[in-house]
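Student: Following this line is start.txt, made up of compact mmCIF, C-alpha atoms:
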# COMPACT_ATOMS: atom_id res chain seq x y z
CA MET A 1 0.00 0.00 0.00
CA ALA A 2 2.86 2.38 0.77
CA SER A 3 4.22 1.98 -2.74
CA ALA A 4 0.75 2.53 -4.19
CA CYS A 5 0.45 5.77 -2.21
CA ALA A 6 3.88 6.90 -3.41
CA ILE A 7 2.93 6.22 -7.05
CA ALA A 8 -0.37 8.04 -6.58
CA MET A 9 1.36 11.07 -5.08
CA ALA A 10 3.87 11.19 -7.90
CA THR A 11 1.33 10.87 -10.69
CA SER A 12 -1.96 12.39 -9.63
CA ALA A 13 -1.13 14.64 -6.65
CA THR A 14 -3.17 12.61 -4.17
CA VAL A 15 -2.26 11.36 -0.69
CA CYS A 16 -3.56 8.44 1.36
CA ILE A 17 -5.02 9.41 4.74
CA GLY A 18 -6.67 6.66 6.72
CA MET A 19 -6.49 4.42 3.67
CA VAL A 20 -8.65 6.87 1.70
CA PRO A 21 -6.96 8.84 -1.14
CA ARG A 22 -7.62 12.61 -1.01
CA SER A 23 -6.30 15.50 -3.03
CA LEU A 24 -3.60 17.72 -1.57
CA GLU A 25 -5.91 20.72 -1.86
CA SER A 26 -8.53 19.08 0.35
CA VAL A 27 -5.83 18.33 2.94
CA ARG A 28 -4.72 21.96 2.93
CA GLN A 29 -8.30 23.06 3.53
CA ALA A 30 -8.78 20.55 6.34
CA PHE A 31 -5.50 21.48 8.04
CA PRO A 32 -4.80 25.17 7.35
CA PRO A 33 -1.43 26.44 8.57
CA ARG A 34 -1.50 28.19 11.94
CA PRO A 35 -0.70 31.88 11.91
CA PRO A 36 2.58 32.76 13.62
CA ARG A 37 2.19 33.63 17.27
CA SER A 38 2.83 37.22 18.21
CA PRO A 39 5.31 37.79 21.03
CA ARG A 40 3.60 37.67 24.41
CA ARG A 41 3.76 40.96 26.20
CA TRP A 42 3.52 40.85 29.98
CA PRO A 43 2.06 42.85 31.48
CA ILE A 44 0.09 45.48 29.56
CA SER A 45 -0.07 48.95 31.08
CA ILE A 46 -2.77 51.59 31.32
CA LYS A 47 -1.34 55.10 31.15
CA MET A 48 -3.63 57.46 32.99
CA SER A 49 -3.12 60.61 35.02
CA TYR A 50 -5.73 62.19 37.24
CA GLU A 51 -5.50 65.55 38.95
CA ARG A 52 -7.95 66.60 41.64
CA VAL A 53 -8.54 70.05 43.07
CA VAL A 54 -9.67 70.33 46.69
CA THR A 55 -10.23 73.46 48.74
CA LEU A 56 -9.64 73.27 52.47
CA PRO A 57 -9.95 75.85 55.24
CA LYS A 58 -6.98 76.44 57.50
CA PRO A 59 -5.64 74.68 59.45
CA LEU A 60 -5.37 72.09 56.70
CA GLY A 61 -4.65 69.20 59.05
CA ILE A 62 -2.13 67.49 56.78
CA VAL A 63 1.39 66.27 57.48
CA LEU A 64 3.71 66.65 54.50
CA GLY A 65 6.84 64.72 53.63
CA GLU A 66 9.38 64.70 50.81
CA VAL A 67 9.65 61.52 48.75
CA GLY A 68 12.75 60.30 46.95
CA ASP A 69 12.04 61.94 43.59
CA CYS A 70 11.92 65.45 45.10
CA ARG A 71 8.15 65.49 45.23
CA VAL A 72 6.20 66.46 48.33
CA ARG A 73 3.27 64.31 49.35
CA ILE A 74 0.71 64.06 52.12
CA GLU A 75 1.99 61.59 54.69
CA GLU A 76 -1.02 61.56 56.99
CA PHE A 77 -4.02 63.51 58.23
CA GLN A 78 -4.17 65.11 61.64
CA PRO A 79 -7.22 63.90 63.58
CA GLY A 80 -10.04 66.42 63.47
CA GLY A 81 -8.31 68.56 60.84
CA SER A 82 -9.87 69.92 57.67
CA ALA A 83 -8.53 67.17 55.42
CA ALA A 84 -9.80 64.39 57.68
CA THR A 85 -13.28 65.85 58.16
CA SER A 86 -13.97 67.48 54.79
CA GLY A 87 -15.18 64.36 52.97
CA LEU A 88 -13.30 65.58 49.89
CA ASP A 89 -11.28 63.35 47.57
CA ILE A 90 -7.90 63.83 49.18
CA ALA A 91 -5.87 61.08 50.83
CA PRO A 92 -2.52 60.24 52.38
CA GLY A 93 -0.10 59.43 49.58
CA ASP A 94 -1.40 62.23 47.35
CA VAL A 95 1.36 64.30 45.74
CA LEU A 96 1.11 68.09 45.64
CA LEU A 97 1.10 69.63 42.16
CA LYS A 98 -0.24 73.14 42.77
CA ILE A 99 -1.08 75.42 45.66
CA GLY A 100 -3.58 77.91 44.32
CA GLU A 101 -2.19 78.77 40.89
CA THR A 102 1.44 78.13 41.85
CA ASP A 103 3.08 75.04 40.37
CA VAL A 104 4.87 73.25 43.21
CA SER A 105 5.43 69.88 41.50
CA ALA A 106 9.21 70.42 41.39
CA MET A 107 9.60 72.38 44.63
CA GLY A 108 11.16 71.14 47.83
CA PHE A 109 9.54 70.78 51.24
CA ASP A 110 10.68 74.12 52.68
CA SER A 111 9.52 76.15 49.68
CA ILE A 112 6.10 74.49 49.72
CA MET A 113 5.68 75.12 53.44
CA GLU A 114 6.42 78.82 52.91
CA ILE A 115 3.79 79.02 50.17
CA ILE A 116 1.16 77.28 52.32
CA LEU A 117 1.84 79.58 55.28
CA ALA A 118 1.48 82.62 53.02
CA GLN A 119 -1.93 81.48 51.69
CA THR A 120 -5.15 82.89 53.07
CA SER A 121 -7.93 80.50 54.03
CA PRO A 122 -9.34 78.51 52.27
CA VAL A 123 -6.43 76.95 50.35
CA SER A 124 -6.81 75.31 46.95
CA LEU A 125 -4.64 72.21 46.46
CA THR A 126 -4.14 70.34 43.20
CA VAL A 127 -3.05 66.78 43.89
CA THR A 128 -2.52 63.47 42.15
CA ASP A 129 -2.53 59.98 43.67
CA GLY A 130 1.19 59.44 43.10
CA LEU A 131 0.56 56.08 41.44
CA PRO A 132 2.49 55.31 38.25
CA ARG A 133 1.15 53.50 35.20
CA LEU A 134 -1.04 50.57 36.25
CA ASP A 135 -0.20 47.13 34.88
CA ILE A 136 -2.96 44.79 33.70
CA THR A 137 -2.78 41.14 32.60
CA PRO A 138 -3.06 40.64 28.81
CA ASN A 139 -6.07 38.32 29.10
CA LEU A 140 -7.95 40.90 31.14
CA ALA A 141 -6.96 43.70 28.77
CA ASN A 142 -8.31 41.71 25.80
CA SER A 143 -11.59 40.97 27.57
CA LEU A 144 -12.41 44.55 28.63
CA LYS A 145 -14.01 47.19 26.48
CA PRO A 146 -11.89 50.37 26.35
CA GLN A 147 -14.38 52.33 28.43
CA ASP A 148 -14.52 49.53 31.00
CA ALA A 149 -10.72 49.45 31.23
CA VAL A 150 -10.69 53.19 31.96
CA LEU A 151 -13.40 52.76 34.61
CA ALA A 152 -11.45 49.89 36.20
CA ASP A 153 -8.37 52.10 36.35
CA LEU A 154 -10.39 54.84 38.06
CA VAL A 155 -11.85 52.40 40.58
CA VAL A 156 -8.43 50.95 41.46
CA ARG A 157 -7.03 54.41 42.09
CA ALA A 158 -10.05 55.43 44.15
CA ALA A 159 -9.77 52.17 46.12
CA VAL A 160 -6.12 52.94 46.91
CA ARG A 161 -7.05 56.39 48.23
CA GLU A 162 -9.92 54.96 50.27
CA CYS A 163 -7.65 52.28 51.73
CA ARG A 164 -5.08 54.90 52.70
CA ARG A 165 -7.73 57.10 54.32
CA ILE A 166 -9.30 54.26 56.32
CA THR A 167 -6.08 52.65 57.51
CA GLY A 168 -4.53 56.04 58.28
CA ALA A 169 -7.42 56.89 60.60
CA SER A 170 -7.19 53.66 62.62
CA ALA A 171 -4.18 52.69 64.73
CA GLU A 172 -5.41 49.09 64.75
CA LEU A 173 -5.68 48.86 60.97
CA LYS A 174 -2.40 50.66 60.51
CA GLU A 175 -0.75 48.07 62.76
CA ALA A 176 -2.43 45.17 60.93
CA LEU A 177 -1.93 46.31 57.34
CA GLY A 178 0.68 49.06 57.33
CA GLU A 179 0.92 51.54 54.46
CA LEU A 180 -0.25 50.81 50.93
CA LEU A 181 2.75 51.83 48.84
CA ARG A 182 1.74 50.95 45.31
CA VAL A 183 -0.33 48.76 43.00
CA GLU A 184 1.52 45.75 41.61
CA ILE A 185 -0.91 44.53 38.94
CA LEU A 186 -4.61 44.55 38.11
CA LEU A 187 -5.77 40.92 38.04
CA GLY A 188 -9.51 41.07 37.47
CA ALA A 189 -12.20 43.57 36.57
CA GLY A 190 -15.76 43.60 35.32
CA VAL A 191 -18.64 46.01 35.00
CA ARG A 192 -22.09 44.84 36.04
CA PRO A 193 -25.31 45.91 34.32
CA ASP A 194 -26.03 48.34 37.17
CA GLY A 195 -22.76 50.15 36.41
CA ARG A 196 -20.87 48.85 39.41
CA CYS A 197 -17.26 48.02 38.62
CA LEU A 198 -15.60 45.15 40.49
CA VAL A 199 -11.81 45.01 40.58
CA ARG A 200 -9.17 42.77 42.11
CA PHE A 201 -5.52 43.73 42.29
CA PHE A 202 -2.30 43.10 44.16
CA GLY A 203 -1.15 45.94 46.39
CA ILE A 204 2.27 46.26 48.01
CA PHE A 205 2.11 47.16 51.71
CA SER A 206 4.81 48.05 54.20
CA ARG A 207 4.63 48.16 57.98
CA SER A 208 7.86 50.15 58.15
CA GLY A 209 6.70 52.87 55.74
CA ASP A 210 9.34 52.12 53.10
CA SER A 211 10.28 49.44 50.59
CA SER A 212 12.66 47.60 52.91
CA ASN A 213 9.97 45.39 54.43
CA THR A 214 7.03 44.81 52.11
CA TYR A 215 4.41 42.18 51.43
CA SER A 216 1.78 41.57 48.77
CA CYS A 217 -1.91 41.85 49.55
CA ASN A 218 -4.92 40.82 47.46
CA ILE A 219 -7.34 43.76 47.35
CA ALA A 220 -10.93 43.56 46.14
CA ALA A 221 -13.12 46.61 45.62
CA ALA A 222 -16.44 47.65 44.14
CA GLY A 223 -16.94 51.18 42.86
CA VAL A 224 -19.47 53.19 40.93
CA LYS A 225 -19.07 56.36 38.89
CA ARG A 226 -21.51 59.04 39.99
CA ALA A 227 -23.13 61.65 37.74
CA ASP A 228 -20.53 64.27 38.72
CA GLY A 229 -17.70 61.94 37.63
CA ARG A 230 -16.70 61.06 41.17
CA ILE A 231 -15.85 57.42 41.92
CA GLU A 232 -17.51 56.12 45.07
CA ILE A 233 -16.05 52.98 46.63
CA MET A 234 -18.90 50.81 47.85
CA ALA A 235 -16.90 47.84 49.21
CA LEU A 236 -13.23 47.28 49.98
CA SER A 237 -11.34 44.34 51.49
CA CYS A 238 -7.73 43.24 51.90
CA ALA A 239 -6.33 39.73 52.25
CA LYS A 240 -2.64 39.02 52.71
CA ASP A 241 -1.28 36.95 49.84
CA GLU A 242 0.57 34.35 51.90
CA GLY A 243 -0.42 32.63 55.10
CA TRP A 244 -2.73 35.16 56.69
CA GLY A 245 -5.91 33.15 56.57
CA ARG A 246 -8.33 36.05 56.97
CA THR A 247 -9.74 39.02 55.15
CA ILE A 248 -10.03 42.52 56.58
CA ASP A 249 -13.14 44.32 55.39
CA LEU A 250 -12.35 48.01 55.28
CA LYS A 251 -15.74 48.90 53.83
CA ARG A 252 -18.86 46.78 53.44
CA ASP A 253 -21.61 47.29 50.89
CA ASP A 254 -24.70 46.35 52.88
CA SER A 255 -26.96 47.35 49.98
CA ASP A 256 -25.53 44.57 47.76
CA ALA A 257 -27.48 41.40 48.47
CA THR A 258 -25.84 39.37 45.68
For this file, produce the structure as structure tokens.
Tutor:
Amino acid sequence: MASACAIAMATSATVCIGMVPRSLESVRQAFPPRPPRSPRRWPISIKMSYERVVTLPKPLGIVLGEVGDCRVRIEEFQPGGSAATSGLDIAPGDVLLKIGETDVSAMGFDSIMEIILAQTSPVSLTVTDGLPRLDITPNLANSLKPQDAVLADLVVRAAVRECRRITGASAELKEALGELLRVEILLGAGVRPDGRCLVRFFGIFSRSGDSSNTYSCNIAAAGVKRADGRIEIMALSCAKDEGWGRTIDLKRDDSDAT
């Protein structure tokens, strides 16, 4: 039979498959060549930048500190101060960009303190969350609509600020979790029909306040975009990645029965 197949291939361009002769064209159609695989990129990043303007009466109730790249950020709120009680979208970890109309993004700590002291009350502060580009897994990036990816990015950033506010106001939570330094990667996200966006991401925490002693924490959050564009975090929880065995609920959504 092998010789018969060889003769057939040489003379009539047919091939034996499962003892049944078929034309080469039919084989090509049944087994089309696979397209070459594109290089896998890991991870994919979302490049977003959000500035917020908040106006606070004096005393502002914020403690400032200088970070390594010569930027000045809010380290913590003073209990009972304007920042802690205003309900505005400002949080520990926020980096100062402007005071009033003055660009302070490249100024040092002493210069910024002089400008704040010279301001009359209330004081307008332009801040950003200090988070760099957020990484997202390729599978998740391919599954999200562009507008949903942007919403997920907003919810993650709002969840980070909410986490920093809540833990900063509680000595017990600060002892248990430490400081949320940065977002490692966005692992999961989805937008429900009611507009609520659910996200899951790894955050890097430190109990010492720097990168010398860090650990990874699995953070889950649910947020919704209000009519004024503000992101409201409805639920927020943190679970240590390795060996903790429990989840700390920073914010519960009692209205969600599902």
Student: What's around Asp69 (chain A) at 10 Å? Count only C-alpha atoms, leave out sequence neighbours fewer than 3 positions away in its own chain, and write the answer as a count of residues only.
Tutor: 3
Student: Calculate how many Å separate CA of Gly80 (chain A) from CA of Gly68 (chain A), rounding to one decimal.
Tutor: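 CA of Gly68 (chain A) lies at a distance of 28.8 Å from CA of Gly80 (chain A).
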Student: Leaving out region 120-136 of chain A and any residue of its chain fewer than 5 positions from it, which residues lie within 8 Å of it when counting all atoms listed in the file, given as a PyMOL selection string?
Tutor: chain A and resi 43-58+90-91+93-100+141+153+157+161+182-187
Student: Limited to C-alpha atoms, could you put the picked residues into a file as an mmCIF file, in the coordinates of the input?
Tutor:
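out33.cif, written as the output of this step:
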data_model
loop_
_atom_site.group_PDB
_atom_site.id
_atom_site.type_symbol
_atom_site.label_atom_id
_atom_site.label_comp_id
_atom_site.auth_asym_id
_atom_site.auth_seq_id
_atom_site.Cartn_x
_atom_site.Cartn_y
_atom_site.Cartn_z
ATOM 1 C CA PRO A 43 2.060 42.850 31.480
ATOM 2 C CA ILE A 44 0.090 45.480 29.560
ATOM 3 C CA SER A 45 -0.070 48.950 31.080
ATOM 4 C CA ILE A 46 -2.770 51.590 31.320
ATOM 5 C CA LYS A 47 -1.340 55.100 31.150
ATOM 6 C CA MET A 48 -3.630 57.460 32.990
ATOM 7 C CA SER A 49 -3.120 60.610 35.020
ATOM 8 C CA TYR A 50 -5.730 62.190 37.240
ATOM 9 C CA GLU A 51 -5.500 65.550 38.950
ATOM 10 C CA ARG A 52 -7.950 66.600 41.640
ATOM 11 C CA VAL A 53 -8.540 70.050 43.070
ATOM 12 C CA VAL A 54 -9.670 70.330 46.690
ATOM 13 C CA THR A 55 -10.230 73.460 48.740
ATOM 14 C CA LEU A 56 -9.640 73.270 52.470
ATOM 15 C CA PRO A 57 -9.950 75.850 55.240
ATOM 16 C CA LYS A 58 -6.980 76.440 57.500
ATOM 17 C CA ILE A 90 -7.900 63.830 49.180
ATOM 18 C CA ALA A 91 -5.870 61.080 50.830
ATOM 19 C CA GLY A 93 -0.100 59.430 49.580
ATOM 20 C CA ASP A 94 -1.400 62.230 47.350
ATOM 21 C CA VAL A 95 1.360 64.300 45.740
ATOM 22 C CA LEU A 96 1.110 68.090 45.640
ATOM 23 C CA LEU A 97 1.100 69.630 42.160
ATOM 24 C CA LYS A 98 -0.240 73.140 42.770
ATOM 25 C CA ILE A 99 -1.080 75.420 45.660
ATOM 26 C CA GLY A 100 -3.580 77.910 44.320
ATOM 27 C CA ALA A 141 -6.960 43.700 28.770
ATOM 28 C CA ASP A 153 -8.370 52.100 36.350
ATOM 29 C CA ARG A 157 -7.030 54.410 42.090
ATOM 30 C CA ARG A 161 -7.050 56.390 48.230
ATOM 31 C CA ARG A 182 1.740 50.950 45.310
ATOM 32 C CA VAL A 183 -0.330 48.760 43.000
ATOM 33 C CA GLU A 184 1.520 45.750 41.610
ATOM 34 C CA ILE A 185 -0.910 44.530 38.940
ATOM 35 C CA LEU A 186 -4.610 44.550 38.110
ATOM 36 C CA LEU A 187 -5.770 40.920 38.040
#
Student: Counting all atoms listed in the file, figure out which residue out of A:Ala221, A:Glu114, A:Ala84, A:Arg207 gets nearest to Ile233 (chain A).
Tutor: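 Among A:Ala221, A:Glu114, A:Ala84, A:Arg207, it is A:Ala221 that comes nearest to Ile233 (chain A).
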Student: Nearest to Ser206 (chain A) among A:Leu180, A:Met107, A:Val155, A:Leu173, with distances taken over only C-alpha atoms: which residue is it?
Tutor: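 Comparing A:Leu180, A:Met107, A:Val155, A:Leu173 against Ser206 (chain A), the winner is A:Leu180.
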Student: What does the structure give for the distance between CA of Lys251 (chain A) and CA of Pro59 (chain A), in Å to one decimal?
Tutor: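 Value for the CA of Lys251 (chain A)-CA of Pro59 (chain A) distance: 28.3 Å.
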Student: Find, counting only C-alpha atoms, the residue in A:Ala220, A:Ser170, A:Val67, A:Glu162 that gets nearest to Phe201 (chain A).
Tutor: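 Looking only at the distances to Phe201 (chain A), the closest residue turns out to be A:Ala220.
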Student: One number please: CA of Pro79 (chain A) to CA of Asp253 (chain A), in Å, one decimal.
Tutor: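 Answer for the CA of Pro79 (chain A) to CA of Asp253 (chain A) separation: 25.4 Å.
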Student: In the coordinate frame of the file, compute which residues have an atom within 12 Å of (-23.2, 51.4, 45.0) when using only C-alpha atoms, and state them as a ChimeraX atom specification.
Tutor: /A:192,194-198,221-226,231-236,251-257
Student: Which of these residues is nearest to Arg165 (chain A), using only C-alpha atoms: A:Pro92, A:Phe109, A:Leu250, A:Ile74?
Tutor: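 Checking each of A:Pro92, A:Phe109, A:Leu250, A:Ile74 against Arg165 (chain A), counting only C-alpha atoms, the winner is A:Pro92.
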Student: Under the rule that all atoms listed in the file are counted, which of A:Gly65, A:Gln78, A:Ser86, A:Ser237 is the nearest residue to Gly168 (chain A)?
Tutor: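 So, comparing all the options, the nearest one is A:Gln78.
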Student: Using only C-alpha atoms, which of A:Val199, A:Leu177, A:Ala189, A:Ile62 sits nearest Thr214 (chain A)?
Tutor: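 Checking each candidate against Thr214 (chain A), we get A:Leu177 as the closest.
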